[in-house]
Amino acid sequence: MEKFIYKKRADITALSASINEFSYKKHAHEEYAIGVTIRGIQRYNLDGSLQLSYQNGVMLFNPEQAHDGMAHDESGLDYVMLYIKPQLLLEALEKKDMVRFPSPIVYDDRLKQSILNLAHGILADKDDAFCSELFLSLTDSLIRTDLSTEMKKDNTLIKKAKDILHAHLASGLKLDDISKELGLSKYQFIRLFKAHTGISPYQYYLNVKIEHAKQMIEKSGDIYSAVAECGFVDLTHLNKHFKNVYGTTAFEYSSYLH
């Protein structure tokens, strides 16, 4: 049975999930995503390589790392995940420059327990002050995992393309216009973007729209404004794509948080 429960406290979103046949489509998050495999084996492709997180494995995703996700076999999978905004994590780590996790999966009991404590605190609706203290404990554990301060810089053209995509969420993806502005052919642009980010411009654009809709739902709970502002045809259209990335529809996600 597929189960997805989302809660948010202290500006951190927690997910408790159980999946059997469901699989996430290839996507990326603006946040850091940090989780623990509780039961089963989590299988996913990350930056072009296959990853397997076994029981007690700590999964560490950097912002905008393209990945999919599924249970490795028919026995299914239980896990928790935390989604943390980059500026929030950097503030807690007392770092100015972006950091990257050097390894996608680690097995560290202290870090695992810190993640579980915070996830359970958020999912149990503990107050923000309590969850903030648990988050600080988590960052103390993260410091011990040898965080790297090397951050791959965006190619200038790719950064400009991302800015254009972010600025035109409701007007549709116009590859010809973007390519012309960058001085590339459409196919040169697609190839360059995918080589740099791991996903196509269309996938990235769709992810940005879904992420923006998620942020709007978290702030106001107004699903229909999110549909209109993010350029989805209707709620069914948003629900379909939202489920591919978050395992639940936008409507269900709103009900978890409001």
# chains A, B, ... in the order shown; residues from 1 in each chain; ligands from 1
>>> select_by_dssp(residues="segment 150-187 of chain A", states="alpha helix (DSSP H)", output="VMD selection string")
chain A and resid 156 to 167 175 to 182 186 to 187
>>> residues_around(residues="segment 8-20 of chain A", least_positions_apart="4", cutoff="8 Å", atoms="only C-alpha atoms", output="JSON list (two decimals) with N, CA, C and O atoms, in the first residue's frame")
[["chain", "number", "residue", "atom", "x", "y", "z"],
["A", 1, "MET", "N", 0.84, -1.20, 0.00],
["A", 1, "MET", "CA", 0.00, 0.00, 0.00],
["A", 1, "MET", "C", 0.87, 1.25, 0.00],
["A", 1, "MET", "O", 1.83, 1.35, 0.75],
["A", 2, "GLU", "N", 0.54, 2.19, -0.89],
["A", 2, "GLU", "CA", 1.31, 3.43, -1.00],
["A", 2, "GLU", "C", 0.81, 4.43, 0.05],
["A", 2, "GLU", "O", -0.39, 4.63, 0.22],
["A", 3, "LYS", "N", 1.75, 5.06, 0.77],
["A", 3, "LYS", "CA", 1.36, 6.03, 1.79],
["A", 3, "LYS", "C", 2.36, 7.17, 1.80],
["A", 3, "LYS", "O", 3.58, 6.96, 1.79],
["A", 4, "PHE", "N", 1.85, 8.41, 1.78],
["A", 4, "PHE", "CA", 2.69, 9.59, 1.81],
["A", 4, "PHE", "C", 2.08, 10.58, 2.80],
["A", 4, "PHE", "O", 0.94, 10.99, 2.64],
["A", 70, "MET", "N", 12.36, 4.46, -6.29],
["A", 70, "MET", "CA", 11.41, 3.34, -6.25],
["A", 70, "MET", "C", 11.90, 2.31, -5.24],
["A", 70, "MET", "O", 13.05, 2.36, -4.77],
["A", 71, "ALA", "N", 11.01, 1.37, -4.91],
["A", 71, "ALA", "CA", 11.43, 0.23, -4.10],
["A", 71, "ALA", "C", 12.24, -0.72, -4.98],
["A", 71, "ALA", "O", 11.92, -0.92, -6.16],
["A", 74, "GLU", "N", 9.85, -6.38, -4.62],
["A", 74, "GLU", "CA", 8.42, -6.45, -4.30],
["A", 74, "GLU", "C", 8.12, -6.34, -2.81],
["A", 74, "GLU", "O", 6.95, -6.19, -2.41],
["A", 75, "SER", "N", 9.14, -6.40, -1.95],
["A", 75, "SER", "CA", 8.88, -6.29, -0.51],
["A", 75, "SER", "C", 8.55, -4.87, -0.10],
["A", 75, "SER", "O", 8.08, -4.62, 1.01],
["A", 76, "GLY", "N", 8.81, -3.88, -0.98],
["A", 76, "GLY", "CA", 8.42, -2.51, -0.68],
["A", 76, "GLY", "C", 9.46, -1.76, 0.11],
["A", 76, "GLY", "O", 10.59, -2.23, 0.33],
["A", 77, "LEU", "N", 9.05, -0.59, 0.59],
["A", 77, "LEU", "CA", 10.01, 0.35, 1.15],
["A", 77, "LEU", "C", 9.31, 1.31, 2.11],
["A", 77, "LEU", "O", 8.22, 1.81, 1.82],
["A", 78, "ASP", "N", 9.93, 1.55, 3.28],
["A", 78, "ASP", "CA", 9.49, 2.60, 4.21],
["A", 78, "ASP", "C", 10.67, 3.55, 4.42],
["A", 78, "ASP", "O", 11.80, 3.10, 4.63],
["A", 79, "TYR", "N", 10.40, 4.85, 4.40],
["A", 79, "TYR", "CA", 11.48, 5.81, 4.64],
["A", 79, "TYR", "C", 10.92, 7.15, 5.09],
["A", 79, "TYR", "O", 9.72, 7.41, 4.98],
["A", 80, "VAL", "N", 11.80, 7.99, 5.63],
["A", 80, "VAL", "CA", 11.44, 9.37, 5.94],
["A", 80, "VAL", "C", 12.40, 10.28, 5.20],
["A", 80, "VAL", "O", 13.54, 9.89, 4.89],
["A", 81, "MET", "N", 11.94, 11.49, 4.91],
["A", 81, "MET", "CA", 12.76, 12.46, 4.20],
["A", 81, "MET", "C", 12.51, 13.85, 4.77],
["A", 81, "MET", "O", 11.38, 14.17, 5.17],
["A", 82, "LEU", "N", 13.55, 14.66, 4.83],
["A", 82, "LEU", "CA", 13.46, 16.05, 5.24],
["A", 82, "LEU", "C", 13.86, 16.93, 4.07],
["A", 82, "LEU", "O", 14.86, 16.65, 3.40],
["A", 83, "TYR", "N", 13.10, 18.00, 3.82],
["A", 83, "TYR", "CA", 13.41, 18.95, 2.75],
["A", 83, "TYR", "C", 13.77, 20.28, 3.41],
["A", 83, "TYR", "O", 12.93, 20.88, 4.09],
["A", 84, "ILE", "N", 15.01, 20.72, 3.20],
["A", 84, "ILE", "CA", 15.56, 21.87, 3.92],
["A", 84, "ILE", "C", 16.05, 22.91, 2.92],
["A", 84, "ILE", "O", 16.90, 22.61, 2.07],
["A", 85, "LYS", "N", 15.56, 24.14, 3.04],
["A", 85, "LYS", "CA", 15.97, 25.20, 2.13],
["A", 85, "LYS", "C", 17.47, 25.47, 2.31],
["A", 85, "LYS", "O", 17.98, 25.47, 3.43],
["A", 119, "ALA", "N", 12.42, 14.28, 12.01],
["A", 119, "ALA", "CA", 11.27, 13.87, 11.19],
["A", 119, "ALA", "C", 10.08, 13.51, 12.08],
["A", 119, "ALA", "O", 8.95, 13.94, 11.83],
["A", 122, "ILE", "N", 8.51, 16.69, 13.65],
["A", 122, "ILE", "CA", 7.68, 17.43, 12.72],
["A", 122, "ILE", "C", 6.37, 16.69, 12.45],
["A", 122, "ILE", "O", 5.29, 17.28, 12.47],
["A", 123, "LEU", "N", 6.47, 15.40, 12.21],
["A", 123, "LEU", "CA", 5.28, 14.60, 11.89],
["A", 123, "LEU", "C", 4.32, 14.50, 13.07],
["A", 123, "LEU", "O", 3.12, 14.29, 12.89],
["A", 125, "ASP", "N", 3.72, 17.00, 15.00],
["A", 125, "ASP", "CA", 3.22, 18.36, 15.23],
["A", 125, "ASP", "C", 3.81, 19.01, 16.49],
["A", 125, "ASP", "O", 3.12, 19.78, 17.17],
["A", 126, "LYS", "N", 5.07, 18.69, 16.80],
["A", 126, "LYS", "CA", 5.73, 19.39, 17.91],
["A", 126, "LYS", "C", 5.90, 20.86, 17.53],
["A", 126, "LYS", "O", 5.91, 21.21, 16.35],
["A", 127, "ASP", "N", 6.06, 21.73, 18.53],
["A", 127, "ASP", "CA", 6.12, 23.15, 18.20],
["A", 127, "ASP", "C", 7.44, 23.51, 17.52],
["A", 127, "ASP", "O", 8.42, 22.76, 17.55],
["A", 128, "ASP", "N", 7.45, 24.70, 16.88],
["A", 128, "ASP", "CA", 8.59, 25.11, 16.07],
["A", 128, "ASP", "C", 9.88, 25.20, 16.88],
["A", 128, "ASP", "O", 10.96, 24.85, 16.38],
["A", 129, "ALA", "N", 9.80, 25.69, 18.11],
["A", 129, "ALA", "CA", 11.00, 25.84, 18.93],
["A", 129, "ALA", "C", 11.66, 24.48, 19.19],
["A", 129, "ALA", "O", 12.89, 24.33, 19.10],
["A", 131, "CYS", "N", 11.32, 21.75, 17.34],
["A", 131, "CYS", "CA", 11.84, 21.23, 16.07],
["A", 131, "CYS", "C", 13.12, 21.96, 15.66],
["A", 131, "CYS", "O", 14.03, 21.35, 15.09],
["A", 132, "SER", "N", 13.22, 23.24, 15.98],
["A", 132, "SER", "CA", 14.43, 24.00, 15.67],
["A", 132, "SER", "C", 15.62, 23.45, 16.45],
["A", 132, "SER", "O", 16.75, 23.38, 15.93],
["A", 257, "LEU", "N", -1.21, 20.02, 5.22],
["A", 257, "LEU", "CA", -0.59, 21.20, 5.83],
["A", 257, "LEU", "C", -1.59, 22.23, 6.35],
["A", 257, "LEU", "O", -1.22, 23.09, 7.13]]
>>> closest_atom_pairs(of="segment 124-232 of chain A", to="segment 44-57 of chain A", cutoff="10 Å", atoms="only C-alpha atoms", output="CSV")
residue,atom,partner,partner_atom,distance
A:Thr197,CA,A:Asp47,CA,8.6
A:Gly198,CA,A:Asp47,CA,6.4
A:Ile199,CA,A:Asp47,CA,9.5
>>> residues_around(residues="His196 of chain A", least_positions_apart="2", cutoff="8 Å", atoms="only C-alpha atoms", output="ChimeraX atom specification")
/A:155,158,192-194,198
>>> closest_residue(among="A:Phe232, A:Phe61, A:Phe135, A:Tyr204", to="Ala92 of chain A", atoms="only C-alpha atoms")
A:Phe135
>>> closest_residue(among="A:Ser200, A:Ser255, A:Gln87, A:Thr145", to="Tyr187 of chain A", atoms="only C-alpha atoms")
A:Ser200
>>> closest_residue(among="A:Glu211, A:Glu229, A:Asp222, A:Asp68", to="Gly172 of chain A", atoms="only C-alpha atoms")
A:Glu229
>>> decode(residues="segment 89-133 of chain A", atoms="N, CA and C atoms", output="PDB file, in the first residue's frame")
ATOM      1  N   LEU A  89      19.822  25.734   5.910  1.00  0.00           N
ATOM      2  CA  LEU A  89      20.899  24.818   6.292  1.00  0.00           C
ATOM      3  C   LEU A  89      22.219  25.564   6.459  1.00  0.00           C
ATOM      4  N   LEU A  90      22.509  26.489   5.538  1.00  0.00           N
ATOM      5  CA  LEU A  90      23.767  27.231   5.626  1.00  0.00           C
ATOM      6  C   LEU A  90      23.812  28.102   6.880  1.00  0.00           C
ATOM      7  N   GLU A  91      22.672  28.683   7.242  1.00  0.00           N
ATOM      8  CA  GLU A  91      22.607  29.488   8.464  1.00  0.00           C
ATOM      9  C   GLU A  91      22.914  28.632   9.685  1.00  0.00           C
ATOM     10  N   ALA A  92      22.311  27.443   9.737  1.00  0.00           N
ATOM     11  CA  ALA A  92      22.522  26.560  10.884  1.00  0.00           C
ATOM     12  C   ALA A  92      23.958  26.024  10.933  1.00  0.00           C
ATOM     13  N   LEU A  93      24.554  25.817   9.749  1.00  0.00           N
ATOM     14  CA  LEU A  93      25.933  25.330   9.690  1.00  0.00           C
ATOM     15  C   LEU A  93      26.957  26.443   9.878  1.00  0.00           C
ATOM     16  N   GLU A  94      26.458  27.700   9.890  1.00  0.00           N
ATOM     17  CA  GLU A  94      27.304  28.885   9.991  1.00  0.00           C
ATOM     18  C   GLU A  94      28.313  28.932   8.852  1.00  0.00           C
ATOM     19  N   LYS A  95      27.793  28.694   7.640  1.00  0.00           N
ATOM     20  CA  LYS A  95      28.611  28.748   6.436  1.00  0.00           C
ATOM     21  C   LYS A  95      28.018  29.766   5.463  1.00  0.00           C
ATOM     22  N   LYS A  96      28.885  30.452   4.740  1.00  0.00           N
ATOM     23  CA  LYS A  96      28.427  31.444   3.771  1.00  0.00           C
ATOM     24  C   LYS A  96      28.284  30.832   2.379  1.00  0.00           C
ATOM     25  N   ASP A  97      29.209  29.940   2.031  1.00  0.00           N
ATOM     26  CA  ASP A  97      29.202  29.346   0.700  1.00  0.00           C
ATOM     27  C   ASP A  97      28.395  28.058   0.691  1.00  0.00           C
ATOM     28  N   MET A  98      27.817  27.764  -0.463  1.00  0.00           N
ATOM     29  CA  MET A  98      27.044  26.534  -0.609  1.00  0.00           C
ATOM     30  C   MET A  98      27.915  25.313  -0.330  1.00  0.00           C
ATOM     31  N   VAL A  99      27.335  24.315   0.277  1.00  0.00           N
ATOM     32  CA  VAL A  99      28.044  23.065   0.544  1.00  0.00           C
ATOM     33  C   VAL A  99      27.384  21.941  -0.233  1.00  0.00           C
ATOM     34  N   ARG A 100      28.160  20.923  -0.504  1.00  0.00           N
ATOM     35  CA  ARG A 100      27.625  19.740  -1.194  1.00  0.00           C
ATOM     36  C   ARG A 100      27.986  18.492  -0.391  1.00  0.00           C
ATOM     37  N   PHE A 101      27.060  17.561  -0.329  1.00  0.00           N
ATOM     38  CA  PHE A 101      27.364  16.285   0.301  1.00  0.00           C
ATOM     39  C   PHE A 101      28.263  15.500  -0.646  1.00  0.00           C
ATOM     40  N   PRO A 102      29.410  15.041  -0.173  1.00  0.00           N
ATOM     41  CA  PRO A 102      30.333  14.331  -1.070  1.00  0.00           C
ATOM     42  C   PRO A 102      29.876  12.919  -1.419  1.00  0.00           C
ATOM     43  N   SER A 103      29.053  12.302  -0.551  1.00  0.00           N
ATOM     44  CA  SER A 103      28.571  10.937  -0.799  1.00  0.00           C
ATOM     45  C   SER A 103      27.049  10.919  -0.782  1.00  0.00           C
ATOM     46  N   PRO A 104      26.418  10.209  -1.721  1.00  0.00           N
ATOM     47  CA  PRO A 104      24.952  10.185  -1.757  1.00  0.00           C
ATOM     48  C   PRO A 104      24.316   9.363  -0.646  1.00  0.00           C
ATOM     49  N   ILE A 105      25.041   8.354  -0.138  1.00  0.00           N
ATOM     50  CA  ILE A 105      24.509   7.479   0.913  1.00  0.00           C
ATOM     51  C   ILE A 105      25.610   7.218   1.938  1.00  0.00           C
ATOM     52  N   VAL A 106      25.280   7.395   3.220  1.00  0.00           N
ATOM     53  CA  VAL A 106      26.230   7.067   4.280  1.00  0.00           C
ATOM     54  C   VAL A 106      25.505   6.231   5.339  1.00  0.00           C
ATOM     55  N   TYR A 107      26.274   5.510   6.107  1.00  0.00           N
ATOM     56  CA  TYR A 107      25.725   4.713   7.209  1.00  0.00           C
ATOM     57  C   TYR A 107      26.373   5.228   8.494  1.00  0.00           C
ATOM     58  N   ASP A 108      25.640   6.078   9.191  1.00  0.00           N
ATOM     59  CA  ASP A 108      26.145   6.766  10.379  1.00  0.00           C
ATOM     60  C   ASP A 108      25.002   6.796  11.393  1.00  0.00           C
ATOM     61  N   ASP A 109      25.166   6.064  12.490  1.00  0.00           N
ATOM     62  CA  ASP A 109      24.074   5.918  13.451  1.00  0.00           C
ATOM     63  C   ASP A 109      23.655   7.244  14.076  1.00  0.00           C
ATOM     64  N   ARG A 110      24.614   8.096  14.394  1.00  0.00           N
ATOM     65  CA  ARG A 110      24.269   9.361  15.031  1.00  0.00           C
ATOM     66  C   ARG A 110      23.490  10.260  14.065  1.00  0.00           C
ATOM     67  N   LEU A 111      23.954  10.342  12.824  1.00  0.00           N
ATOM     68  CA  LEU A 111      23.263  11.153  11.829  1.00  0.00           C
ATOM     69  C   LEU A 111      21.875  10.586  11.549  1.00  0.00           C
ATOM     70  N   LYS A 112      21.790   9.268  11.426  1.00  0.00           N
ATOM     71  CA  LYS A 112      20.498   8.619  11.196  1.00  0.00           C
ATOM     72  C   LYS A 112      19.513   8.977  12.300  1.00  0.00           C
ATOM     73  N   GLN A 113      19.948   8.875  13.546  1.00  0.00           N
ATOM     74  CA  GLN A 113      19.045   9.133  14.667  1.00  0.00           C
ATOM     75  C   GLN A 113      18.636  10.603  14.723  1.00  0.00           C
ATOM     76  N   SER A 114      19.540  11.499  14.369  1.00  0.00           N
ATOM     77  CA  SER A 114      19.209  12.927  14.354  1.00  0.00           C
ATOM     78  C   SER A 114      18.132  13.225  13.316  1.00  0.00           C
ATOM     79  N   ILE A 115      18.235  12.576  12.152  1.00  0.00           N
ATOM     80  CA  ILE A 115      17.228  12.752  11.099  1.00  0.00           C
ATOM     81  C   ILE A 115      15.883  12.204  11.559  1.00  0.00           C
ATOM     82  N   LEU A 116      15.901  11.008  12.137  1.00  0.00           N
ATOM     83  CA  LEU A 116      14.656  10.394  12.599  1.00  0.00           C
ATOM     84  C   LEU A 116      14.012  11.218  13.704  1.00  0.00           C
ATOM     85  N   ASN A 117      14.804  11.737  14.607  1.00  0.00           N
ATOM     86  CA  ASN A 117      14.247  12.556  15.698  1.00  0.00           C
ATOM     87  C   ASN A 117      13.532  13.786  15.153  1.00  0.00           C
ATOM     88  N   LEU A 118      14.167  14.477  14.201  1.00  0.00           N
ATOM     89  CA  LEU A 118      13.554  15.672  13.642  1.00  0.00           C
ATOM     90  C   LEU A 118      12.318  15.322  12.821  1.00  0.00           C
ATOM     91  N   ALA A 119      12.423  14.285  12.008  1.00  0.00           N
ATOM     92  CA  ALA A 119      11.266  13.873  11.193  1.00  0.00           C
ATOM     93  C   ALA A 119      10.083  13.515  12.083  1.00  0.00           C
ATOM     94  N   HIS A 120      10.324  12.743  13.128  1.00  0.00           N
ATOM     95  CA  HIS A 120       9.240  12.346  14.026  1.00  0.00           C
ATOM     96  C   HIS A 120       8.678  13.553  14.776  1.00  0.00           C
ATOM     97  N   GLY A 121       9.546  14.504  15.137  1.00  0.00           N
ATOM     98  CA  GLY A 121       9.067  15.712  15.805  1.00  0.00           C
ATOM     99  C   GLY A 121       8.140  16.525  14.922  1.00  0.00           C
ATOM    100  N   ILE A 122       8.515  16.690  13.652  1.00  0.00           N
ATOM    101  CA  ILE A 122       7.679  17.435  12.718  1.00  0.00           C
ATOM    102  C   ILE A 122       6.374  16.694  12.447  1.00  0.00           C
ATOM    103  N   LEU A 123       6.471  15.399  12.208  1.00  0.00           N
ATOM    104  CA  LEU A 123       5.282  14.603  11.886  1.00  0.00           C
ATOM    105  C   LEU A 123       4.323  14.500  13.068  1.00  0.00           C
ATOM    106  N   ALA A 124       4.853  14.659  14.288  1.00  0.00           N
ATOM    107  CA  ALA A 124       4.019  14.621  15.493  1.00  0.00           C
ATOM    108  C   ALA A 124       3.494  16.004  15.871  1.00  0.00           C
ATOM    109  N   ASP A 125       3.723  16.999  15.003  1.00  0.00           N
ATOM    110  CA  ASP A 125       3.222  18.362  15.230  1.00  0.00           C
ATOM    111  C   ASP A 125       3.806  19.009  16.487  1.00  0.00           C
ATOM    112  N   LYS A 126       5.069  18.694  16.801  1.00  0.00           N
ATOM    113  CA  LYS A 126       5.726  19.390  17.909  1.00  0.00           C
ATOM    114  C   LYS A 126       5.899  20.862  17.527  1.00  0.00           C
ATOM    115  N   ASP A 127       6.063  21.725  18.534  1.00  0.00           N
ATOM    116  CA  ASP A 127       6.123  23.153  18.199  1.00  0.00           C
ATOM    117  C   ASP A 127       7.442  23.515  17.516  1.00  0.00           C
ATOM    118  N   ASP A 128       7.452  24.701  16.883  1.00  0.00           N
ATOM    119  CA  ASP A 128       8.591  25.111  16.070  1.00  0.00           C
ATOM    120  C   ASP A 128       9.881  25.201  16.880  1.00  0.00           C
ATOM    121  N   ALA A 129       9.800  25.685  18.115  1.00  0.00           N
ATOM    122  CA  ALA A 129      11.004  25.836  18.931  1.00  0.00           C
ATOM    123  C   ALA A 129      11.656  24.481  19.192  1.00  0.00           C
ATOM    124  N   PHE A 130      10.856  23.483  19.498  1.00  0.00           N
ATOM    125  CA  PHE A 130      11.363  22.137  19.745  1.00  0.00           C
ATOM    126  C   PHE A 130      11.999  21.560  18.477  1.00  0.00           C
ATOM    127  N   CYS A 131      11.318  21.749  17.335  1.00  0.00           N
ATOM    128  CA  CYS A 131      11.837  21.228  16.068  1.00  0.00           C
ATOM    129  C   CYS A 131      13.119  21.957  15.660  1.00  0.00           C
ATOM    130  N   SER A 132      13.215  23.243  15.982  1.00  0.00           N
ATOM    131  CA  SER A 132      14.432  23.996  15.667  1.00  0.00           C
ATOM    132  C   SER A 132      15.622  23.447  16.445  1.00  0.00           C
ATOM    133  N   GLU A 133      15.379  23.060  17.697  1.00  0.00           N
ATOM    134  CA  GLU A 133      16.452  22.468  18.504  1.00  0.00           C
ATOM    135  C   GLU A 133      16.892  21.122  17.923  1.00  0.00           C
TER     136      GLU A 133
END
